[in-house]
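Take a look at the structure set out below.
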Amino acid sequence: MPETCKSVRMIKSINPATLEVNAEIPATPLEDVAGIVDQARQAQEKWAGVSLEKRIELLHRAKDYVVSNIDEFIRIITMDNGKTVFESMNAEIMGMLDTIEFVSKNASKILGDENLKSTIFTLSGLKSRNVFEPCGVSCIISPWNFPFANVWQEIPMALAAGNAVIHKPAEVTAWVGDLTRRIFEEIGAPPGLVSVLQGSGSRLGAEILKAGVDNVIFTGSVPVGKRLMAACAETLTPITLELGGKDPFIVLDDADVERAAGGAVWSAYMNAGQICASAERIYVHEKVADQFIDLVVKKTGQLRLGNGLDKETDMGPMISEDQLNIVDSHVKQAVEKGARVLKGGKRWHGLPGYFYEPTVLVDVDHSMDCMIEETFGPTMPIMRISSEDEAVALANDTGFGLTASVWTRSRQRAERMARRIKTGTVTANNHALTAGFAICPWGGVKESGVGRVHSAHGLRAQANIKNVTFHKAMASRDLWWHPYTEEKFKSMKSLLTLQYDKSSGGRAAHLVTVAKAFMKLLK
């Protein structure tokens with residue numbers, strides 16, 4: 001069949017609030033993937049020779065384009081994903097802007113040469129530094145829950161490091177994914193520098209890896225992350241994984257209960273609870289539990305559900321029927337095992353879309369899925385605790401370890417708790433907000449992932465570290481070269497003692513031995 005007649009599958013963007021079709025986006029033919037990756041590699045070879053200043057200039061053009069079209073971008077994100085316009089602005093657009101600002105201010109220092117200093121280097125006439133070179137083609141696979149922010153917290157770092165980017169957005173939010181293509185076309189980016197490949201995650205992802213990329217950043221579910229890691233192992237392709245969470249929210253007996261209740265409602269129901277860092281398990285001290293529960297029930301009841309395009313809406317729909325059914329099954333199983341629903345607990349029918357009422361559960365325990373499995377929806381299961389030790393033990397009783405929060409007026413208690421909870425991030429008197437700031441590293445332990453994104457760590461993860469060492473040779477041979485002799489053995493032992501054993505006696509004698517050895521080499 002001629003190229004001009006090739007049939008292209010169209011991906012429908014469905015508004016999860018109204019179930020109306022927003023747009024249709026062309027899927028990337030699998031047979032085109034290898035050519036797209038080849039083009040990215042050619043673009044990267046040229047991009048690597050572009051100065052950091054010019055790379056950042058391109059990022060600023062992207063930022064300016066988004067700011068100039070911010071209302072349209074907010075509307076598209078909300079219609080494609082379902083979150084409120086406030087969250088589309090504050091949790092999606094802001095992430096991009098903050099990342100570009102961070103890269104602009106810090107990339108030259110983070111990616112600049114790193115000089116290494118050592119006494120033994122000085123004695124040996126060695127000059128050593130680390131240089132940070134581009135990886136090559138970076139593949140960024142982003143999720144549907146933050147379809148714009150997630151990829152735009154990675155693209156600036158990849159481009160600043162000198163890489164080209166292959167971006168695979170989630171198929172269910174393909175319309176938002178297409179915004180990235182549009183941005184780079186409109187600002188006149190080099191062809192092939194950033195390519196957006198649309199389509200099925202499993203099939204398209206496999207083709208991308210087969211075509212050969214140089215590193216992978218994936219945000220998504222644990223099962224998919226494990227499969228990607230196994231696939232990357234075949235070619236030893238580096239991969240960073242930011243996966244699921246079952247994040248504890250711990251309210252101690254000295255907490256500001258009013259603030260803690262407001263924080264719980266926001267962090268449990270923001271984006272309809274579809275956040276890997278959502279407050280999915282609430283542990284509240286028995287001394288303040290009744291007050292806290294009364295407040296969260298009241299605040300939950302005040303939330304306004306509806307179409308996210310309405311600026312008065314507090315919570316929009318879930319992304320799909322399947323995701324809604326998972327939430328409903330967790331709530332029903334908890335009730336069957338003795339939990340009580342104090343608010344919500346069922347589907348909301350105010351609009352045709354996938355709405356589930358924000359739900360408060362009490363009398364829960366760790367035999368229930370709502371406390372041990374990732375619910376990824378608007379639920380707030382609350383469990384009473386009697387001590388810090390019990391809170392830590394319950395917080396760590398999970399296969400996840402992404403983030404946690406501790407609510408207390410005492411900084412000392414917060415610091416003590418933070419060091420005991422096994423997780424990637426701990427926040428005191430707030431929850432998970434650092435995920436939105438480029439300066440803070442983000443990632444988890446256990447099944448919540450491998451490696452870190454954002455911050456200096458995320459930026460350097462986009463580079464290969466090369467050590468370059470220059471030896472200003474002072475003699476025709478070194479003390480540690482052949483031939484080995486007893487005299488060399490004693491001289492080397494004296495050198496090691498001087499360098500590494502500061503408490504050793506007879507340092508003057510060791511110094512004389514080393515000096516004689518070097519003088520002999522210089523003859």
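Chain labels A, B, ... are given in the sequence in which chains occur in the structure tokens; within each chain residues are numbered consecutively from 1, and ligands are likewise numbered from 1 in the order shown.
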
Report the residues of stretch 136-289 of chain A whose backbone DSSP state falls under strand (DSSP E), written as a PyMOL selection string.
chain A and resi 137-141+164-168+194-196+215-219+239-242+247-251+279-285

So which residues touch stretch 277-290 of chain A within 9 Å, counting only C-alpha atoms, skipping near sequence neighbours fewer than 2 positions away, as a CSV table (one decimal) with all heavy atoms, in the first residue's frame?
chain,number,residue,atom,x,y,z
A,244,GLY,N,4.1,3.2,42.4
A,244,GLY,CA,2.9,3.4,43.3
A,244,GLY,C,3.3,3.8,44.7
A,244,GLY,O,4.4,3.9,45.1
A,245,GLY,N,2.2,4.1,45.4
A,245,GLY,CA,2.4,4.4,46.8
A,245,GLY,C,1.1,4.1,47.6
A,245,GLY,O,0.0,3.9,47.1
A,246,LYS,N,1.3,3.9,48.9
A,246,LYS,CA,0.2,3.7,49.9
A,246,LYS,C,0.6,4.5,51.1
A,246,LYS,O,1.0,4.0,52.1
A,246,LYS,CB,0.1,2.2,50.2
A,246,LYS,CG,-1.2,2.0,51.0
A,246,LYS,CD,-2.5,2.1,50.2
A,246,LYS,CE,-3.7,1.9,51.0
A,246,LYS,NZ,-4.9,2.2,50.1
A,247,ASP,N,0.5,5.9,50.9
A,247,ASP,CA,1.2,6.8,51.8
A,247,ASP,C,0.5,7.1,53.1
A,247,ASP,O,-0.6,7.5,53.1
A,247,ASP,CB,1.5,8.1,51.0
A,247,ASP,CG,2.2,7.7,49.6
A,247,ASP,OD1,3.2,7.1,49.7
A,247,ASP,OD2,1.6,8.1,48.6
A,248,PRO,N,1.3,6.9,54.2
A,248,PRO,CA,0.7,7.2,55.5
A,248,PRO,C,0.7,8.7,55.9
A,248,PRO,O,1.5,9.5,55.5
A,248,PRO,CB,1.7,6.5,56.5
A,248,PRO,CG,3.0,6.5,55.7
A,248,PRO,CD,2.6,6.4,54.3
A,249,PHE,N,-0.4,9.1,56.6
A,249,PHE,CA,-0.7,10.4,57.0
A,249,PHE,C,-0.8,10.3,58.5
A,249,PHE,O,-1.9,9.8,59.0
A,249,PHE,CB,-1.9,10.9,56.3
A,249,PHE,CG,-2.3,12.4,56.6
A,249,PHE,CD1,-2.2,13.3,55.6
A,249,PHE,CD2,-2.9,12.7,57.8
A,249,PHE,CE1,-2.6,14.6,55.8
A,249,PHE,CE2,-3.3,14.0,58.0
A,249,PHE,CZ,-3.2,15.0,57.0
A,250,ILE,N,0.1,10.7,59.3
A,250,ILE,CA,0.2,10.4,60.7
A,250,ILE,C,-0.1,11.7,61.5
A,250,ILE,O,0.6,12.7,61.4
A,250,ILE,CB,1.5,9.9,61.1
A,250,ILE,CG1,1.8,8.6,60.4
A,250,ILE,CG2,1.6,9.6,62.6
A,250,ILE,CD1,3.3,8.1,60.5
A,251,VAL,N,-1.2,11.7,62.3
A,251,VAL,CA,-1.6,12.9,63.1
A,251,VAL,C,-1.3,12.5,64.6
A,251,VAL,O,-1.9,11.6,65.2
A,251,VAL,CB,-3.1,13.2,62.9
A,251,VAL,CG1,-3.5,14.4,63.7
A,251,VAL,CG2,-3.4,13.3,61.5
A,252,LEU,N,-0.3,13.2,65.2
A,252,LEU,CA,0.1,13.0,66.5
A,252,LEU,C,-0.8,13.8,67.5
A,252,LEU,O,-1.6,14.7,67.1
A,252,LEU,CB,1.6,13.3,66.7
A,252,LEU,CG,2.5,12.5,65.9
A,252,LEU,CD1,4.0,12.9,66.1
A,252,LEU,CD2,2.3,11.0,66.2
A,253,ASP,N,-0.7,13.5,68.8
A,253,ASP,CA,-1.6,14.1,69.8
A,253,ASP,C,-1.3,15.6,70.0
A,253,ASP,O,-2.2,16.2,70.6
A,253,ASP,CB,-1.5,13.3,71.1
A,253,ASP,CG,0.0,13.3,71.6
A,253,ASP,OD1,0.9,13.5,70.9
A,253,ASP,OD2,0.2,12.9,72.8
A,254,ASP,N,-0.2,16.1,69.5
A,254,ASP,CA,0.0,17.6,69.7
A,254,ASP,C,-0.2,18.3,68.4
A,254,ASP,O,0.3,19.5,68.2
A,254,ASP,CB,1.4,17.8,70.2
A,254,ASP,CG,2.5,17.4,69.2
A,254,ASP,OD1,2.2,16.6,68.3
A,254,ASP,OD2,3.7,17.9,69.3
A,255,ALA,N,-0.8,17.7,67.4
A,255,ALA,CA,-1.0,18.3,66.1
A,255,ALA,C,-2.0,19.5,66.2
A,255,ALA,O,-2.9,19.5,67.0
A,255,ALA,CB,-1.5,17.3,65.1
A,257,VAL,N,-5.0,20.2,64.9
A,257,VAL,CA,-6.0,19.3,64.4
A,257,VAL,C,-6.8,19.9,63.2
A,257,VAL,O,-7.1,19.3,62.2
A,257,VAL,CB,-7.0,18.8,65.5
A,257,VAL,CG1,-8.0,17.8,64.9
A,257,VAL,CG2,-6.1,18.1,66.6
A,264,ALA,N,-5.7,16.7,55.3
A,264,ALA,CA,-6.1,15.3,54.9
A,264,ALA,C,-7.1,15.3,53.8
A,264,ALA,O,-7.1,14.5,52.9
A,264,ALA,CB,-6.7,14.6,56.2
A,265,VAL,N,-8.1,16.3,53.9
A,265,VAL,CA,-9.1,16.4,52.9
A,265,VAL,C,-8.5,16.7,51.5
A,265,VAL,O,-8.8,16.1,50.5
A,265,VAL,CB,-10.2,17.4,53.3
A,265,VAL,CG1,-11.1,17.7,52.1
A,265,VAL,CG2,-11.0,16.8,54.5
A,266,TRP,N,-7.6,17.7,51.5
A,266,TRP,CA,-6.9,18.1,50.3
A,266,TRP,C,-6.1,16.9,49.7
A,266,TRP,O,-6.2,16.6,48.5
A,266,TRP,CB,-6.0,19.3,50.5
A,266,TRP,CG,-5.2,19.6,49.3
A,266,TRP,CD1,-5.7,20.3,48.1
A,266,TRP,CD2,-3.9,19.4,49.0
A,266,TRP,NE1,-4.7,20.4,47.2
A,266,TRP,CE2,-3.6,19.8,47.7
A,266,TRP,CE3,-2.8,18.8,49.8
A,266,TRP,CZ2,-2.3,19.7,47.2
A,266,TRP,CZ3,-1.6,18.7,49.2
A,266,TRP,CH2,-1.3,19.2,47.9
A,267,SER,N,-5.2,16.3,50.5
A,267,SER,CA,-4.3,15.3,50.0
A,267,SER,C,-5.0,14.0,49.7
A,267,SER,O,-4.4,13.1,49.0
A,267,SER,CB,-3.1,15.1,50.9
A,267,SER,OG,-3.5,14.9,52.3
A,268,ALA,N,-6.1,13.7,50.2
A,268,ALA,CA,-6.9,12.5,49.9
A,268,ALA,C,-7.7,12.6,48.7
A,268,ALA,O,-7.9,11.7,47.9
A,268,ALA,CB,-7.7,12.1,51.1
A,269,TYR,N,-8.3,13.8,48.4
A,269,TYR,CA,-9.2,14.0,47.4
A,269,TYR,C,-8.8,14.8,46.2
A,269,TYR,O,-9.5,14.9,45.2
A,269,TYR,CB,-10.5,14.6,47.9
A,269,TYR,CG,-11.1,13.9,49.1
A,269,TYR,CD1,-11.6,14.6,50.2
A,269,TYR,CD2,-11.2,12.5,49.1
A,269,TYR,CE1,-12.1,13.9,51.3
A,269,TYR,CE2,-11.8,11.8,50.1
A,269,TYR,CZ,-12.2,12.5,51.3
A,269,TYR,OH,-12.8,11.8,52.3
A,270,MET,N,-7.6,15.5,46.3
A,270,MET,CA,-7.1,16.2,45.2
A,270,MET,C,-6.9,15.3,44.0
A,270,MET,O,-6.5,14.1,44.1
A,270,MET,CB,-5.7,16.8,45.5
A,270,MET,CG,-5.2,17.7,44.5
A,270,MET,SD,-3.6,17.0,43.9
A,270,MET,CE,-2.9,18.4,43.0
A,273,GLY,N,-8.2,11.8,44.2
A,273,GLY,CA,-7.4,10.8,44.9
A,273,GLY,C,-6.5,10.0,44.0
A,273,GLY,O,-5.9,9.0,44.4
A,274,GLN,N,-6.4,10.4,42.7
A,274,GLN,CA,-5.6,9.6,41.7
A,274,GLN,C,-4.2,10.1,41.7
A,274,GLN,O,-3.7,10.7,40.7
A,274,GLN,CB,-6.3,9.7,40.4
A,274,GLN,CG,-7.7,9.1,40.4
A,274,GLN,CD,-8.5,9.5,39.1
A,274,GLN,OE1,-8.9,8.6,38.4
A,274,GLN,NE2,-8.7,10.8,38.9
A,275,ILE,N,-3.5,9.9,42.8
A,275,ILE,CA,-2.2,10.4,43.0
A,275,ILE,C,-1.4,9.3,43.7
A,275,ILE,O,-1.8,8.8,44.7
A,275,ILE,CB,-2.1,11.7,43.8
A,275,ILE,CG1,-3.1,12.8,43.3
A,275,ILE,CG2,-0.7,12.3,43.9
A,275,ILE,CD1,-3.2,14.0,44.1
A,292,PHE,N,-10.6,15.1,65.1
A,292,PHE,CA,-10.1,15.0,63.7
A,292,PHE,C,-11.2,14.4,62.8
A,292,PHE,O,-11.5,14.9,61.7
A,292,PHE,CB,-8.8,14.2,63.7
A,292,PHE,CG,-8.3,13.9,62.3
A,292,PHE,CD1,-7.5,14.9,61.7
A,292,PHE,CD2,-8.6,12.8,61.6
A,292,PHE,CE1,-7.0,14.7,60.4
A,292,PHE,CE2,-8.1,12.6,60.3
A,292,PHE,CZ,-7.3,13.5,59.7
A,293,ILE,N,-11.8,13.3,63.2
A,293,ILE,CA,-12.8,12.6,62.4
A,293,ILE,C,-14.0,13.5,62.1
A,293,ILE,O,-14.5,13.6,61.0
A,293,ILE,CB,-13.2,11.3,63.0
A,293,ILE,CG1,-12.0,10.3,63.0
A,293,ILE,CG2,-14.4,10.7,62.3
A,293,ILE,CD1,-12.3,9.1,63.8
A,294,ASP,N,-14.5,14.2,63.2
A,294,ASP,CA,-15.6,15.1,63.0
A,294,ASP,C,-15.3,16.2,62.0
A,294,ASP,O,-16.1,16.6,61.1
A,294,ASP,CB,-16.0,15.8,64.4
A,294,ASP,CG,-16.6,14.8,65.3
A,294,ASP,OD1,-17.1,13.8,64.9
A,294,ASP,OD2,-16.7,15.2,66.5
A,295,LEU,N,-14.1,16.7,62.1
A,295,LEU,CA,-13.7,17.8,61.1
A,295,LEU,C,-13.6,17.3,59.7
A,295,LEU,O,-14.0,18.0,58.8
A,295,LEU,CB,-12.3,18.4,61.6
A,295,LEU,CG,-12.4,19.4,62.8
A,295,LEU,CD1,-11.0,19.7,63.3
A,295,LEU,CD2,-13.1,20.7,62.4
A,370,CYS,N,-8.2,-1.5,51.5
A,370,CYS,CA,-8.2,0.0,51.5
A,370,CYS,C,-7.0,0.5,52.4
A,370,CYS,O,-6.6,1.7,52.3
A,370,CYS,CB,-9.5,0.6,52.1
A,370,CYS,SG,-9.8,0.3,53.8
A,371,MET,N,-6.4,-0.4,53.1
A,371,MET,CA,-5.2,0.0,54.0
A,371,MET,C,-3.9,-0.6,53.5
A,371,MET,O,-2.8,-0.2,53.9
A,371,MET,CB,-5.4,-0.4,55.4
A,371,MET,CG,-6.5,0.3,56.1
A,371,MET,SD,-6.2,2.1,56.3
A,371,MET,CE,-5.0,2.1,57.6
A,372,ILE,N,-4.0,-1.6,52.6
A,372,ILE,CA,-2.7,-2.2,52.1
A,372,ILE,C,-2.5,-2.2,50.6
A,372,ILE,O,-1.3,-2.3,50.2
A,372,ILE,CB,-2.6,-3.7,52.6
A,372,ILE,CG1,-3.8,-4.5,52.1
A,372,ILE,CG2,-2.5,-3.7,54.2
A,372,ILE,CD1,-3.7,-6.0,52.4
A,374,GLU,N,-3.0,-0.2,46.8
A,374,GLU,CA,-3.1,1.2,46.3
A,374,GLU,C,-4.5,1.4,45.7
A,374,GLU,O,-4.9,0.7,44.8
A,374,GLU,CB,-2.1,1.5,45.2
A,374,GLU,CG,-2.0,3.0,44.8
A,374,GLU,CD,-0.9,3.3,43.9
A,374,GLU,OE1,-0.5,2.4,43.1
A,374,GLU,OE2,-0.4,4.4,43.9
A,375,THR,N,-5.3,2.2,46.4
A,375,THR,CA,-6.7,2.4,46.0
A,375,THR,C,-6.8,3.4,44.8
A,375,THR,O,-7.5,3.2,43.8
A,375,THR,CB,-7.5,3.0,47.1
A,375,THR,OG1,-7.5,2.1,48.2
A,375,THR,CG2,-9.0,3.2,46.7
A,376,PHE,N,-6.0,4.5,44.8
A,376,PHE,CA,-5.9,5.4,43.7
A,376,PHE,C,-7.3,6.0,43.4
A,376,PHE,O,-7.8,6.1,42.3
A,376,PHE,CB,-5.4,4.8,42.4
A,376,PHE,CG,-4.3,5.7,41.7
A,376,PHE,CD1,-3.1,6.0,42.3
A,376,PHE,CD2,-4.6,6.2,40.5
A,376,PHE,CE1,-2.2,6.8,41.7
A,376,PHE,CE2,-3.7,7.0,39.8
A,376,PHE,CZ,-2.5,7.3,40.4
A,377,GLY,N,-7.9,6.5,44.5
A,377,GLY,CA,-9.2,7.1,44.4
A,377,GLY,C,-9.5,7.9,45.6
A,377,GLY,O,-8.8,8.0,46.6
A,378,PRO,N,-10.7,8.6,45.6
A,378,PRO,CA,-11.1,9.5,46.7
A,378,PRO,C,-11.6,8.8,48.0
A,378,PRO,O,-12.7,8.9,48.4
A,378,PRO,CB,-12.2,10.3,46.1
A,378,PRO,CG,-12.9,9.4,45.1
A,378,PRO,CD,-11.8,8.5,44.6
A,379,THR,N,-10.7,8.1,48.7
A,379,THR,CA,-11.0,7.5,49.9
A,379,THR,C,-10.1,7.9,51.0
A,379,THR,O,-8.9,8.3,50.8
A,379,THR,CB,-11.0,5.9,49.9
A,379,THR,OG1,-9.6,5.5,49.6
A,379,THR,CG2,-11.9,5.4,48.8
A,380,MET,N,-10.6,8.0,52.2
A,380,MET,CA,-9.8,8.4,53.4
A,380,MET,C,-10.1,7.4,54.5
A,380,MET,O,-11.0,7.6,55.4
A,380,MET,CB,-10.2,9.8,53.9
A,380,MET,CG,-9.2,10.3,55.0
A,380,MET,SD,-9.8,11.8,55.8
A,380,MET,CE,-9.9,12.9,54.5
A,381,PRO,N,-9.4,6.3,54.6
A,381,PRO,CA,-9.5,5.3,55.7
A,381,PRO,C,-8.8,5.8,56.9
A,381,PRO,O,-7.6,6.1,56.8
A,381,PRO,CB,-9.0,4.0,55.1
A,381,PRO,CG,-8.0,4.4,54.1
A,381,PRO,CD,-8.5,5.8,53.6
A,382,ILE,N,-9.4,5.8,58.1
A,382,ILE,CA,-8.8,6.4,59.3
A,382,ILE,C,-8.7,5.3,60.3
A,382,ILE,O,-9.7,4.6,60.7
A,382,ILE,CB,-9.7,7.6,59.8
A,382,ILE,CG1,-9.8,8.6,58.7
A,382,ILE,CG2,-9.0,8.2,61.1
A,382,ILE,CD1,-10.8,9.7,59.1
A,383,MET,N,-7.5,5.2,60.9
A,383,MET,CA,-7.2,4.2,61.9
A,383,MET,C,-6.6,4.9,63.2
A,383,MET,O,-5.8,5.8,63.0
A,383,MET,CB,-6.2,3.2,61.4
A,383,MET,CG,-6.0,2.0,62.3
A,383,MET,SD,-5.0,0.7,61.4
A,383,MET,CE,-4.7,-0.4,62.7
A,384,ARG,N,-7.1,4.5,64.3
A,384,ARG,CA,-6.6,5.2,65.6
A,384,ARG,C,-5.3,4.5,66.0
A,384,ARG,O,-5.1,3.3,65.9
A,384,ARG,CB,-7.7,5.0,66.7
A,384,ARG,CG,-9.0,5.8,66.4
A,384,ARG,CD,-10.1,5.4,67.4
A,384,ARG,NE,-11.3,6.0,67.0
A,384,ARG,CZ,-11.9,7.1,67.6
A,384,ARG,NH1,-11.2,7.7,68.6
A,384,ARG,NH2,-13.0,7.5,67.2
A,385,ILE,N,-4.4,5.3,66.6
A,385,ILE,CA,-3.2,4.8,67.1
A,385,ILE,C,-3.0,5.4,68.5
A,385,ILE,O,-3.7,6.3,68.9
A,385,ILE,CB,-2.0,5.3,66.3
A,385,ILE,CG1,-1.9,6.8,66.1
A,385,ILE,CG2,-2.0,4.6,64.9
A,385,ILE,CD1,-0.7,7.4,65.6
A,386,SER,N,-2.1,4.8,69.3
A,386,SER,CA,-1.9,5.2,70.7
A,386,SER,C,-0.5,5.7,71.0
A,386,SER,O,-0.2,6.2,72.1
A,386,SER,CB,-2.2,4.0,71.6
A,386,SER,OG,-1.3,2.9,71.3
A,387,SER,N,0.4,5.6,70.0
A,387,SER,CA,1.8,6.0,70.3
A,387,SER,C,2.6,6.3,69.0
A,387,SER,O,2.2,5.8,67.9
A,387,SER,CB,2.6,5.0,71.1
A,387,SER,OG,2.8,3.8,70.3
A,388,GLU,N,3.7,6.9,69.1
A,388,GLU,CA,4.6,7.1,67.9
A,388,GLU,C,5.1,5.7,67.4
A,388,GLU,O,5.2,5.5,66.2
A,388,GLU,CB,5.8,7.9,68.3
A,388,GLU,CG,5.6,9.4,68.5
A,388,GLU,CD,6.8,10.2,68.8
A,388,GLU,OE1,7.9,9.7,68.3
A,388,GLU,OE2,6.8,11.3,69.4
A,391,ALA,N,2.5,4.1,65.3
A,391,ALA,CA,2.4,4.8,64.0
A,391,ALA,C,3.5,4.4,63.1
A,391,ALA,O,3.2,4.2,61.9
A,391,ALA,CB,2.4,6.3,64.3
A,394,LEU,N,3.0,0.8,61.8
A,394,LEU,CA,2.0,0.7,60.8
A,394,LEU,C,2.4,1.3,59.5
A,394,LEU,O,2.1,0.8,58.4
A,394,LEU,CB,0.7,1.3,61.4
A,394,LEU,CG,0.0,0.5,62.5
A,394,LEU,CD1,-1.1,1.4,63.2
A,394,LEU,CD2,-0.6,-0.8,62.0
A,395,ALA,N,3.0,2.5,59.6
A,395,ALA,CA,3.5,3.2,58.4
A,395,ALA,C,4.4,2.3,57.6
A,395,ALA,O,4.4,2.3,56.3
A,395,ALA,CB,4.1,4.5,58.8
A,402,LEU,N,6.8,5.6,49.1
A,402,LEU,CA,7.0,6.8,48.3
A,402,LEU,C,7.1,8.0,49.2
A,402,LEU,O,8.1,8.7,49.2
A,402,LEU,CB,5.9,6.9,47.3
A,402,LEU,CG,6.0,8.1,46.3
A,402,LEU,CD1,7.3,8.0,45.5
A,402,LEU,CD2,4.8,8.2,45.4
A,403,THR,N,6.0,8.3,49.9
A,403,THR,CA,6.0,9.5,50.8
A,403,THR,C,5.2,9.3,52.0
A,403,THR,O,4.4,8.3,52.1
A,403,THR,CB,5.5,10.8,50.0
A,403,THR,OG1,5.7,12.0,50.8
A,403,THR,CG2,4.0,10.7,49.7
A,404,ALA,N,5.3,10.2,53.0
A,404,ALA,CA,4.6,10.1,54.2
A,404,ALA,C,4.5,11.5,54.8
A,404,ALA,O,5.3,12.4,54.4
A,404,ALA,CB,5.3,9.2,55.2
A,405,SER,N,3.6,11.7,55.7
A,405,SER,CA,3.5,13.0,56.4
A,405,SER,C,3.3,12.8,57.9
A,405,SER,O,2.7,11.8,58.3
A,405,SER,CB,2.5,13.9,55.8
A,405,SER,OG,1.2,13.4,55.9
A,431,HIS,N,1.5,17.6,53.0
A,431,HIS,CA,1.6,16.2,52.5
A,431,HIS,C,2.0,16.3,51.0
A,431,HIS,O,1.2,16.9,50.2
A,431,HIS,CB,0.3,15.5,52.6
A,431,HIS,CG,0.4,14.0,52.3
A,431,HIS,ND1,0.7,13.0,53.2
A,431,HIS,CD2,0.2,13.4,51.1
A,431,HIS,CE1,0.7,11.9,52.6
A,431,HIS,NE2,0.4,12.0,51.4
A,432,ALA,N,3.1,15.7,50.7
A,432,ALA,CA,3.5,15.4,49.3
A,432,ALA,C,3.7,16.6,48.4
A,432,ALA,O,3.9,16.4,47.2
A,432,ALA,CB,2.4,14.4,48.6
A,435,ALA,N,6.6,17.1,45.6
A,435,ALA,CA,6.6,16.4,44.3
A,435,ALA,C,6.4,17.5,43.2
A,435,ALA,O,6.8,17.2,42.1
A,435,ALA,CB,5.4,15.4,44.2

Closest of A:Pro358, A:Pro352, A:Gly424, A:Pro223 to A:Val327 - atom-to-atom distances counting only C-alpha atoms
A:Pro358

Applying 9 Å and only C-alpha atoms, which residues near A:Ser448 remain after dropping the ones on its own chain fewer than 4 positions away? List them as a count of residues only.
17

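Nearest to A:Val172 of all the residues A:Glu92, A:Asp80, A:Glu312, A:Asp64 is A:Asp80, counting only C-alpha atoms.
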
Fewer than 4 positions away in the same chain doesn't count, so skip those; otherwise give me all residues within 12 Å of A:Gly205, counting only C-alpha atoms, as a compact mmCIF listing (two decimals) with C-alpha atoms, in the first residue's frame.
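Writing the result to result20.txt gives the following:
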# COMPACT_ATOMS: atom_id res chain seq x y z
CA THR A 28 2.00 6.29 15.91
CA LEU A 30 4.60 0.72 15.07
CA VAL A 33 9.13 3.84 15.61
CA ALA A 34 12.62 2.77 14.53
CA CYS A 139 12.70 7.89 26.70
CA ILE A 140 10.11 9.43 29.03
CA ILE A 141 6.97 7.36 29.63
CA SER A 142 4.42 9.43 31.53
CA ILE A 166 11.19 10.24 22.95
CA HIS A 167 7.98 10.87 24.88
CA LYS A 168 5.33 8.17 25.27
CA PRO A 169 2.23 9.65 26.95
CA ALA A 170 -0.57 7.56 28.40
CA GLU A 171 -3.07 6.65 25.71
CA LEU A 197 4.75 8.71 20.15
CA GLN A 198 1.08 7.96 20.74
CA GLY A 199 -0.53 4.59 21.26
CA SER A 200 -0.81 1.44 23.33
CA GLY A 201 1.62 1.35 26.21
CA LEU A 209 13.00 -0.22 23.57
CA LYS A 210 13.65 -2.44 20.57
CA ALA A 211 14.65 0.61 18.51
CA GLY A 212 17.26 1.46 21.13
CA VAL A 213 17.17 4.34 23.60
CA VAL A 216 14.22 5.37 30.38
CA ILE A 217 12.18 7.31 32.91
CA PHE A 218 8.86 5.68 33.73
CA VAL A 224 4.34 -2.26 34.34
CA GLY A 225 7.44 -0.83 35.98
CA ARG A 227 8.14 -5.44 33.13
CA LEU A 228 9.96 -2.38 31.79
CA MET A 229 12.88 -2.96 34.15
CA ALA A 231 13.09 -5.41 29.34
CA CYS A 232 15.75 -2.78 29.99

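Distance check against A:Val137 using only C-alpha atoms: of A:Phe121, A:Trp47, A:Trp348, A:Tyr500, the minimum falls on A:Trp47.
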
Mind checking which residues fall within 10 Å of A:Glu53, counting only C-alpha atoms, ignoring those fewer than 2 positions away in the same chain, and posting them as an NGL selection string?
:A and (50-51 or 55-58 or 104 or 107-108 or 160)

Dump as a CSV table (one decimal), in the first residue's frame, selection limited to N, CA, C and O atoms:
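The result, written out as part.csv:
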chain,number,residue,atom,x,y,z
A,50,VAL,N,25.4,22.0,21.0
A,50,VAL,CA,24.9,23.3,21.3
A,50,VAL,C,25.2,23.7,22.8
A,50,VAL,O,25.2,22.8,23.7
A,51,SER,N,25.5,24.9,23.0
A,51,SER,CA,25.9,25.4,24.3
A,51,SER,C,24.7,25.3,25.3
A,51,SER,O,23.5,25.3,24.8
A,55,ARG,N,20.6,25.8,24.8
A,55,ARG,CA,19.6,24.8,25.2
A,55,ARG,C,18.5,25.4,26.1
A,55,ARG,O,17.3,25.2,26.0
A,56,ILE,N,19.0,26.2,27.1
A,56,ILE,CA,18.1,26.8,28.1
A,56,ILE,C,17.2,27.9,27.4
A,56,ILE,O,16.0,28.1,27.7
A,57,GLU,N,17.8,28.5,26.4
A,57,GLU,CA,17.0,29.5,25.6
A,57,GLU,C,15.8,28.8,24.9
A,57,GLU,O,14.7,29.4,24.9
A,58,LEU,N,16.0,27.6,24.4
A,58,LEU,CA,14.9,26.9,23.8
A,58,LEU,C,13.8,26.6,24.9
A,58,LEU,O,12.6,26.7,24.6
A,104,SER,N,17.3,26.5,34.6
A,104,SER,CA,18.0,27.7,34.1
A,104,SER,C,19.0,28.2,35.2
A,104,SER,O,20.0,28.7,34.8
A,107,ALA,N,21.6,24.4,36.2
A,107,ALA,CA,22.2,23.4,35.3
A,107,ALA,C,23.7,23.6,35.1
A,107,ALA,O,24.4,22.6,35.1
A,108,SER,N,24.1,24.8,35.0
A,108,SER,CA,25.5,25.1,34.7
A,108,SER,C,26.4,24.6,35.9
A,108,SER,O,27.5,24.0,35.6
A,160,ALA,N,18.5,19.9,28.7
A,160,ALA,CA,19.6,20.7,29.3
A,160,ALA,C,20.9,19.8,29.3
A,160,ALA,O,22.0,20.4,29.1

Rank A:Gln302, A:Gly316, A:Phe355, A:Ser68 by their smallest atom-to-atom distance to A:Asp328, using only C-alpha atoms, and report the top residue only.
A:Phe355
